[in-house]
Amino acid sequence: MAVQRFLTAEQSVEQLLKATPPLHFDGANKRDWEEWRTRFRRNLVKDLGPAPEPLPLEVEVLEHTQLDGYTREKIIFNPDPFSSIPAYILTPDGADAENPAPAVLCAHGHGIGKDGAVGVVEDYQKQYAVELTKRGFVTLAPDWRCFGERKDRDEWVRRPSRDGCNVAYLAFGYFGYQLLRLNISDGQRCLDYLQSRPEVDSHRLGCMGCSFGGTMTTYISALDQRVKAAVIVCYLSTLTDALNDRGRGNTCGSQFMFGLRKAGDIADVAGLIAPRSCMAQIGSDDMCFIEADALQAFKQVEKIYAASGRSDRLVLDHFQGEHEINLETGIEFLQERL
C-alpha cells in the first residue's frame, strides 16, 4: 500500500485546511449567536495567552506643535514594565472639557509605523489621522511593536531581509507572550489614555486601520467593548487564502494568531464586534488581501451580524482601488456612528 506523502509544511497545512473548525459560526438566530460568542471569545482569549501587567499611565510630552486647525503632540508612555509606546495625539481646535470630541485609535499597517497616519511621511494610509482630526475627531496614532521608533536593529534581527516581527514573535514567546497579544494590550492602554484626556468623549471611541492596521482594528475592537465603531480596511480575509498552495503565505509574526484555525477564522474574530458598528473596506485591486476572498469572509461576518439582530450596523465599502484606505467613506461612517 502506497503511503500518502505530505513532506513539507505547506502540504501538511493543505491537509489541515480541509477540516471545518468547530467554532466557525454556523448559527441562524440570536440564541445561536449569544452561545457562539461566549464560547468563541473565551477560546480566543485563552489562545492569545497572558497580557502583561499594566503600569499606571505616566505620559511624557515630547513635542507640541500647533498646525492648521489642530494640535499635534508627540508623547511616550510605558504600558507595562518592559515596553514603551511612542505616539502622536492630534486634537482639533475647539475640543476641550466643555466640548469633548469623539476619538479614534488609528492603527498603522505593516511598514513605516505611525508617521504615515499623521502625515509626517506619505504612504498608503493617506494621513488619515489628520483627515479625521480636521473633521472633529481626536486621534491617537501609536507605533506598534517592531515598527516606527520600535523597530529593531538589523543586527538583532540578524539580517535586513528577515522580517523583524517574525523574530520578535519568537523572542517574546520564550517569555510566554504572543506578539499579537502584546500589541492588543498596547492598543487597550491607548484607549485608556484617550479616555483620560478631558477633551475626549470617553463614550465615543472608534478604531480604524489598513492591512496590519486592519488586523489590529479587528482584534482590539473584538475584545474591547469601548470601541463603538470600527473600520477594518483591506484585511478581512480567510486563512485558507493566507495559507493556500498558490505561494502567497500571507502572514507574519505581528498578525499571527496562535490556534485560530483550530477554532474559527478571521471573519469570526471580526464577528465578535457585533452588535457594535463595523465597516469593512475591500479594494477591487488589492493584491495583498484578495477581493474574492475578502468578499467571502465578509459574507461570514454578515451572517454573524444577521444572527445578532443588528445587520444595520455592518457596512461593506467595496471600492475601486488597491491596498489602501478609502478615506472619505471611512470618515463618513465614523462621523455617522460616533
# chains A, B, ... in the order shown; residues from 1 in each chain; ligands from 1
$ closest_atom_pairs --of "range 118-230 of chain A" --to "range 274-298 of chain A" --cutoff "6 Å" --atoms "only C-alpha atoms" --output "JSON lines"
{"residue": "A:Lys228", "atom": "CA", "partner": "A:Arg276", "partner_atom": "CA", "distance": 5.7}
{"residue": "A:Ala229", "atom": "CA", "partner": "A:Ser277", "partner_atom": "CA", "distance": 4.6}
{"residue": "A:Ala230", "atom": "CA", "partner": "A:Cys278", "partner_atom": "CA", "distance": 4.7}
$ closest_atom_pairs --of "range 166-272 of chain A" --to "range 80-102 of chain A" --cutoff "12 Å" --atoms "only C-alpha atoms" --output "Markdown table"
| residue | atom | partner | partner_atom | distance |
| --- | --- | --- | --- | --- |
| A:Phe172 | CA | A:Phe82 | CA | 11.3 |
| A:Phe175 | CA | A:Phe82 | CA | 11.9 |
| A:Leu182 | CA | A:Ser83 | CA | 9.6 |
| A:Asn183 | CA | A:Ile85 | CA | 10.2 |
| A:Ser185 | CA | A:Asp80 | CA | 9.2 |
| A:Asp186 | CA | A:Ile85 | CA | 7.7 |
| A:Gly187 | CA | A:Ile85 | CA | 9.9 |
| A:Gln188 | CA | A:Asp80 | CA | 11.8 |
| A:Arg189 | CA | A:Asp80 | CA | 9.3 |
| A:Cys190 | CA | A:Ile85 | CA | 8.9 |
| A:Leu191 | CA | A:Ile89 | CA | 11.9 |
| A:Tyr193 | CA | A:Ile89 | CA | 10.2 |
| A:Leu194 | CA | A:Ile89 | CA | 8.9 |
| A:Gln195 | CA | A:Pro102 | CA | 10.1 |
| A:Ser196 | CA | A:Ala97 | CA | 11.1 |
| A:Arg197 | CA | A:Ala97 | CA | 8.5 |
| A:Pro198 | CA | A:Ala97 | CA | 4.8 |
| A:Glu199 | CA | A:Asp96 | CA | 4.0 |
| A:Val200 | CA | A:Pro100 | CA | 4.8 |
| A:Asp201 | CA | A:Pro100 | CA | 5.0 |
| A:Ser202 | CA | A:Pro102 | CA | 7.4 |
| A:His203 | CA | A:Pro102 | CA | 7.8 |
| A:Arg204 | CA | A:Pro102 | CA | 4.9 |
| A:Leu205 | CA | A:Pro102 | CA | 6.0 |
| A:Gly206 | CA | A:Pro102 | CA | 7.9 |
| A:Cys207 | CA | A:Pro102 | CA | 11.0 |
| A:Val227 | CA | A:Pro102 | CA | 11.0 |
| A:Lys228 | CA | A:Pro102 | CA | 10.4 |
| A:Ala229 | CA | A:Pro102 | CA | 10.8 |
$ write_last_selection --atoms "C-alpha atoms" --output "mmCIF file, in the first residue's frame"
data_model
loop_
_atom_site.group_PDB
_atom_site.id
_atom_site.type_symbol
_atom_site.label_atom_id
_atom_site.label_comp_id
_atom_site.auth_asym_id
_atom_site.auth_seq_id
_atom_site.Cartn_x
_atom_site.Cartn_y
_atom_site.Cartn_z
ATOM 1 C CA PHE A 172 8.651 37.121 23.191
ATOM 2 C CA PHE A 175 8.813 34.511 27.959
ATOM 3 C CA LEU A 182 1.168 42.383 23.440
ATOM 4 C CA ASN A 183 0.054 44.720 20.665
ATOM 5 C CA SER A 185 -2.686 45.184 25.185
ATOM 6 C CA ASP A 186 -0.855 48.261 23.886
ATOM 7 C CA GLY A 187 -3.987 49.228 21.972
ATOM 8 C CA GLN A 188 -6.114 48.886 25.083
ATOM 9 C CA ARG A 189 -3.705 51.072 27.049
ATOM 10 C CA CYS A 190 -4.030 53.619 24.232
ATOM 11 C CA LEU A 191 -7.800 53.546 24.754
ATOM 12 C CA TYR A 193 -5.100 57.152 27.592
ATOM 13 C CA LEU A 194 -7.733 58.556 25.236
ATOM 14 C CA GLN A 195 -10.347 58.203 27.950
ATOM 15 C CA SER A 196 -8.089 60.094 30.367
ATOM 16 C CA ARG A 197 -7.974 63.168 28.120
ATOM 17 C CA PRO A 198 -10.524 65.822 29.155
ATOM 18 C CA GLU A 199 -11.201 66.821 25.537
ATOM 19 C CA VAL A 200 -12.276 63.258 24.630
ATOM 20 C CA ASP A 201 -15.820 61.938 24.994
ATOM 21 C CA SER A 202 -14.944 58.586 26.537
ATOM 22 C CA HIS A 203 -18.200 57.008 25.330
ATOM 23 C CA ARG A 204 -17.481 57.712 21.649
ATOM 24 C CA LEU A 205 -14.352 55.761 20.756
ATOM 25 C CA GLY A 206 -13.556 54.247 17.377
ATOM 26 C CA CYS A 207 -10.726 52.325 15.739
ATOM 27 C CA VAL A 227 -14.748 50.618 20.701
ATOM 28 C CA LYS A 228 -18.171 51.647 19.442
ATOM 29 C CA ALA A 229 -17.306 51.790 15.726
#
$ select_by_dssp --residues "range 134-164 of chain A" --states "helix (DSSP H, G or I)" --output "list in words"
Lys134, Gly148, Glu149, Arg150, Asp154, Glu155, Trp156, Val157 and Gly164 of chain A
$ atom_distance --atom1 "CA of Leu327 in chain A" --atom2 "CA of Gly113 in chain A"
18.2 Å
$ closest_residue --among "A:His24, A:His110, A:Lys18, A:Arg313" --to "Asp265 in chain A" --atoms "only C-alpha atoms"
A:His24
$ residues_around --residues "Ile112 in chain A" --least-positions-apart "3" --cutoff "8 Å" --atoms "only C-alpha atoms" --output "number ranges by chain"
A: 109, 115-116, 147-148
$ select_by_dssp --residues "range 2-236 of chain A" --states "strand (DSSP E or B)" --output "JSON, numbers by chain"
{"A": [60, 61, 62, 63, 64, 65, 66, 67, 70, 71, 72, 73, 74, 75, 76, 77, 78, 79, 80, 83, 84, 85, 86, 87, 88, 89, 90, 91, 92, 96, 99, 101, 102, 103, 104, 105, 106, 107, 138, 139, 140, 141, 142, 200, 201, 202, 203, 204, 205, 206, 207, 208, 209, 210, 227, 228, 229, 230, 231, 232, 233]}
$ atom_distance --atom1 "CA of Tyr174 in chain A" --atom2 "CA of Gly214 in chain A"
26.9 Å
$ atom_distance --atom1 "CA of Arg39 in chain A" --atom2 "CA of Gln178 in chain A"
21.0 Å
$ decode --residues "range 2-81 of chain A" --atoms "C-alpha atoms" --output "PDB file, in the first residue's frame"
ATOM      1  CA  ALA A   2       1.434   3.361  -1.017  1.00  0.00           C
ATOM      2  CA  VAL A   3       1.910   5.866   1.784  1.00  0.00           C
ATOM      3  CA  GLN A   4       0.447   9.317   1.184  1.00  0.00           C
ATOM      4  CA  ARG A   5       3.235  11.848   1.163  1.00  0.00           C
ATOM      5  CA  PHE A   6       2.922  15.171   2.967  1.00  0.00           C
ATOM      6  CA  LEU A   7       6.587  16.063   3.179  1.00  0.00           C
ATOM      7  CA  THR A   8       6.513  19.843   3.537  1.00  0.00           C
ATOM      8  CA  ALA A   9       4.791  22.188   5.964  1.00  0.00           C
ATOM      9  CA  GLU A  10       2.852  23.579   3.011  1.00  0.00           C
ATOM     10  CA  GLN A  11       1.483  20.122   2.166  1.00  0.00           C
ATOM     11  CA  SER A  12       0.591  19.472   5.799  1.00  0.00           C
ATOM     12  CA  VAL A  13      -1.258  22.782   6.039  1.00  0.00           C
ATOM     13  CA  GLU A  14      -3.173  21.938   2.865  1.00  0.00           C
ATOM     14  CA  GLN A  15      -4.494  18.816   4.605  1.00  0.00           C
ATOM     15  CA  LEU A  16      -5.286  20.653   7.844  1.00  0.00           C
ATOM     16  CA  LEU A  17      -7.277  23.303   5.982  1.00  0.00           C
ATOM     17  CA  LYS A  18      -9.738  20.652   4.798  1.00  0.00           C
ATOM     18  CA  ALA A  19     -11.273  20.375   8.274  1.00  0.00           C
ATOM     19  CA  THR A  20     -14.045  22.788   9.278  1.00  0.00           C
ATOM     20  CA  PRO A  21     -13.095  24.491  12.565  1.00  0.00           C
ATOM     21  CA  PRO A  22     -15.661  23.707  15.305  1.00  0.00           C
ATOM     22  CA  LEU A  23     -16.366  27.305  16.357  1.00  0.00           C
ATOM     23  CA  HIS A  24     -16.709  28.754  12.866  1.00  0.00           C
ATOM     24  CA  PHE A  25     -20.116  30.427  13.240  1.00  0.00           C
ATOM     25  CA  ASP A  26     -22.928  28.454  11.644  1.00  0.00           C
ATOM     26  CA  GLY A  27     -25.939  29.678  13.600  1.00  0.00           C
ATOM     27  CA  ALA A  28     -29.136  31.326  12.476  1.00  0.00           C
ATOM     28  CA  ASN A  29     -30.640  33.261  15.366  1.00  0.00           C
ATOM     29  CA  LYS A  30     -29.828  35.407  18.362  1.00  0.00           C
ATOM     30  CA  ARG A  31     -29.614  32.486  20.777  1.00  0.00           C
ATOM     31  CA  ASP A  32     -27.136  30.711  18.481  1.00  0.00           C
ATOM     32  CA  TRP A  33     -25.122  33.918  18.265  1.00  0.00           C
ATOM     33  CA  GLU A  34     -25.052  34.519  22.014  1.00  0.00           C
ATOM     34  CA  GLU A  35     -23.895  30.972  22.754  1.00  0.00           C
ATOM     35  CA  TRP A  36     -21.276  31.067  19.999  1.00  0.00           C
ATOM     36  CA  ARG A  37     -19.973  34.488  21.017  1.00  0.00           C
ATOM     37  CA  THR A  38     -19.343  33.363  24.591  1.00  0.00           C
ATOM     38  CA  ARG A  39     -17.565  30.176  23.543  1.00  0.00           C
ATOM     39  CA  PHE A  40     -15.511  31.656  20.713  1.00  0.00           C
ATOM     40  CA  ARG A  41     -14.428  34.726  22.681  1.00  0.00           C
ATOM     41  CA  ARG A  42     -13.363  32.573  25.637  1.00  0.00           C
ATOM     42  CA  ASN A  43     -11.346  30.355  23.295  1.00  0.00           C
ATOM     43  CA  LEU A  44      -9.745  33.378  21.591  1.00  0.00           C
ATOM     44  CA  VAL A  45      -8.674  34.961  24.874  1.00  0.00           C
ATOM     45  CA  LYS A  46      -7.229  31.661  26.078  1.00  0.00           C
ATOM     46  CA  ASP A  47      -5.197  31.113  22.899  1.00  0.00           C
ATOM     47  CA  LEU A  48      -3.882  34.684  22.866  1.00  0.00           C
ATOM     48  CA  GLY A  49      -2.171  33.914  26.148  1.00  0.00           C
ATOM     49  CA  PRO A  50      -1.321  36.245  29.014  1.00  0.00           C
ATOM     50  CA  ALA A  51      -1.331  40.019  28.908  1.00  0.00           C
ATOM     51  CA  PRO A  52       1.472  41.881  30.671  1.00  0.00           C
ATOM     52  CA  GLU A  53       0.838  43.613  33.986  1.00  0.00           C
ATOM     53  CA  PRO A  54      -0.215  47.213  33.189  1.00  0.00           C
ATOM     54  CA  LEU A  55       1.546  50.199  34.706  1.00  0.00           C
ATOM     55  CA  PRO A  56      -0.196  53.414  35.818  1.00  0.00           C
ATOM     56  CA  LEU A  57      -0.376  55.924  32.967  1.00  0.00           C
ATOM     57  CA  GLU A  58       2.554  58.328  33.193  1.00  0.00           C
ATOM     58  CA  VAL A  59       2.772  60.242  29.938  1.00  0.00           C
ATOM     59  CA  GLU A  60       5.643  62.458  28.817  1.00  0.00           C
ATOM     60  CA  VAL A  61       5.010  65.055  26.112  1.00  0.00           C
ATOM     61  CA  LEU A  62       7.990  65.174  23.752  1.00  0.00           C
ATOM     62  CA  GLU A  63       6.715  67.688  21.203  1.00  0.00           C
ATOM     63  CA  HIS A  64       3.823  70.149  20.982  1.00  0.00           C
ATOM     64  CA  THR A  65       3.065  71.618  17.560  1.00  0.00           C
ATOM     65  CA  GLN A  66       0.197  73.892  16.522  1.00  0.00           C
ATOM     66  CA  LEU A  67      -0.882  73.140  12.951  1.00  0.00           C
ATOM     67  CA  ASP A  68      -3.722  74.309  10.719  1.00  0.00           C
ATOM     68  CA  GLY A  69      -6.863  73.585  12.736  1.00  0.00           C
ATOM     69  CA  TYR A  70      -5.367  71.138  15.195  1.00  0.00           C
ATOM     70  CA  THR A  71      -2.598  70.474  17.684  1.00  0.00           C
ATOM     71  CA  ARG A  72      -0.167  67.572  17.311  1.00  0.00           C
ATOM     72  CA  GLU A  73       1.590  66.252  20.384  1.00  0.00           C
ATOM     73  CA  LYS A  74       4.217  63.552  20.399  1.00  0.00           C
ATOM     74  CA  ILE A  75       4.037  61.507  23.583  1.00  0.00           C
ATOM     75  CA  ILE A  76       5.605  58.429  25.155  1.00  0.00           C
ATOM     76  CA  PHE A  77       4.415  56.177  27.980  1.00  0.00           C
ATOM     77  CA  ASN A  78       5.087  52.702  29.348  1.00  0.00           C
ATOM     78  CA  PRO A  79       2.127  50.305  29.100  1.00  0.00           C
ATOM     79  CA  ASP A  80       3.934  47.567  31.059  1.00  0.00           C
ATOM     80  CA  PRO A  81       7.255  47.132  32.903  1.00  0.00           C
TER      81      PRO A  81
END
